[in-house]
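A.B. asks: Questions regarding the structure given below will be posed in turn.
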Amino acid sequence: MDIAFEHSARQDANPDITAHTVLVLGIESSCDETAASVIRLPRGGAPEILSSRISSQDELHRPYGGVVPEMAARAHMDKIQSIIAGAVEDAGINYTDLDGIAATSGPGLIGGVITGLMAAKGLALSLDKPLIAVNHLEGHALSARLSAPCPFPYLLLLVSGGHTQLLSVNDLGDYSRLGSTVDDAAGEAFDKTAKIMGLGFPGGPNVERAAKAGNAKRFKLPRPFAGTDHADFSFAGLKTAAARTFASMDNPDDQDKADLAASFQTAVCGALTDRTQRAMMMFRKRHGDGPQRLVVAGGVAANVQIRAALDTVCTENDFVLMCPPLKFCTDNAAMIALAGAEKLLAGEIDNLDAPARPRWPLDETAARRNPASGSGRKGPKS
């Protein structure tokens, strides 16, 4: 079946909330990954990932040292139909077998979000299936549930190129922000530091690779907010300190770069663990003592040193660390399909006029009361 985008008559798509199992197509296009996935989710059971396709734009944006929004939007338009068709084919199903179509509706680069959401609306319209507009951050928040049981509530550290947040995940659709970055996201700090040192794009993996040969004690870099009584982050000062340190070097060689990369990565680890430990105290005040879970999601969660440091903090504070598989840490459609499937089973669907949103905080009340982003780059998903 070809993907249909043209308008046609459609009855209201009311999901059968008594269904025991749903089959959902998820579409993700919020930044520079075009992705589609099909998931089967039994009510109260474990999800089965039938397919997951991702088209990366790393090579497209590499010469520019970062994502160029206009180029990303055009690339999404070029790839979206073939990626969706491939995911459906890989799953071994027909489009008509689907129970719902889920797509990222924000936050993100608006051109990409519109592309994926319009593709989902076209399918929902032509197939007479429910549309589920998914918050990209909610996809990350639920991503640990792709591979292991993870009952609510749990503490979430969401850390990537566009956002760095600590949230209490109380239930499906119920999120309380405990802390967020006041300026730059951790992933953006990685990318900018890599660009300054000429390590290339994407910055996070390249900094991690360089750091393996470095001396993390050579350069003393700041850890903003360390020891304070809140759970907010700040990475702008750390990023600037790394840039000034590099600028002060006379003809830096590979060892100089490795040492700075190691020092920078260790400082980020310190900031993340310090703020997370504070959030653990806040979480326990809300949910009680005893063993708890920390879920770490987002692209930066793929960093081995950061995972190890957070695992240590969890052991010290009677938390269990849960991370999605590495391939589901970065942007992917399986997490969007899962979020859509869980919402569909709960009877939550959206109208075809669901908007594409460049910004969409998970805890909208907290975001209105106390906007987290300061004067620095707010990121496409903050």
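Identifiers in the structure tokens: chain A, B, ... in order shown; residue index from 1 per chain; ligand index from 1 in order shown.
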Excluding Arg40 in chain A and any residue of its chain fewer than 3 positions from it, enumerate the residues within 12 Å of it, using only C-alpha atoms, and give them as a VMD selection string.
C.D. replies: chain A and resid 20 to 26 37 43 to 51 91 93 97 to 100 146 334 337 to 342 344 to 345
A.B. asks: Run DSSP on the backbone and give me the residues of range 37-208 of chain A it puts in helix (DSSP H, G or I), as a ChimeraX atom specification.
C.D. replies: /A:58-64,69-91,95-97,110-127,136-146,186-196,203-208
A.B. asks: Point out the residue among A:Ile80, A:Leu199, A:Val67, A:Ala247 with the least atom-to-atom distance to Leu109 in chain A, counting only C-alpha atoms.
C.D. replies: A:Val67
A.B. asks: Do you have the CA of Gly288 in chain A-CA of Pro153 in chain A distance handy?
C.D. replies: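 Separation between CA of Gly288 in chain A and CA of Pro153 in chain A: 10.9 Å.
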A.B. asks: Work out how far apart CA of Arg275 in chain A and CA of Ala226 in chain A are and give it in Å to one decimal.
C.D. replies: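 Rounded to one decimal, the two atoms are 7.3 Å apart.
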A.B. asks: Measuring atom to atom with only C-alpha atoms, identify which of A:Glu70, A:Asp289, A:Glu208, A:Asp256 is nearest to Ala194 in chain A.
C.D. replies: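 Counting only C-alpha atoms, the residue closest to Ala194 in chain A is A:Glu208.
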A.B. asks: Please identify every residue of range 130-240 of chain A that has at least one atom no farther than 8 Å from an atom of range 294-307 of chain A, counting only C-alpha atoms, and for each give the shortest atom pair and the distance in Å to one decimal, arranged by chain then increasing number, as a Markdown table.
C.D. replies:
| residue | atom | partner | partner_atom | distance |
| --- | --- | --- | --- | --- |
| A:His140 | CA | A:Ala297 | CA | 5.8 |
| A:Ala141 | CA | A:Ala297 | CA | 6.9 |
| A:Ser143 | CA | A:Ala297 | CA | 7.2 |
| A:Ala144 | CA | A:Val295 | CA | 6.8 |
| A:Tyr154 | CA | A:Leu294 | CA | 6.1 |
| A:Leu155 | CA | A:Leu294 | CA | 4.8 |
| A:Leu156 | CA | A:Val295 | CA | 4.8 |
| A:Leu157 | CA | A:Val296 | CA | 4.8 |
| A:Leu158 | CA | A:Ala297 | CA | 5.1 |
| A:Val159 | CA | A:Gly298 | CA | 5.0 |
| A:Ser160 | CA | A:Gly299 | CA | 4.8 |
| A:Gly161 | CA | A:Gly299 | CA | 7.1 |
| A:Ala186 | CA | A:Val300 | CA | 7.6 |
| A:Gly187 | CA | A:Val300 | CA | 6.1 |
| A:Gly204 | CA | A:Val300 | CA | 7.1 |
| A:Pro205 | CA | A:Asn303 | CA | 7.5 |
| A:Glu208 | CA | A:Asn303 | CA | 7.0 |
A.B. asks: Calculated over only C-alpha atoms, which of the candidates A:Lys212, A:Asp191, A:Cys269, A:Asn251 has the smallest distance to Pro224 in chain A?
C.D. replies: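 Counting only C-alpha atoms, the residue closest to Pro224 in chain A is A:Cys269.
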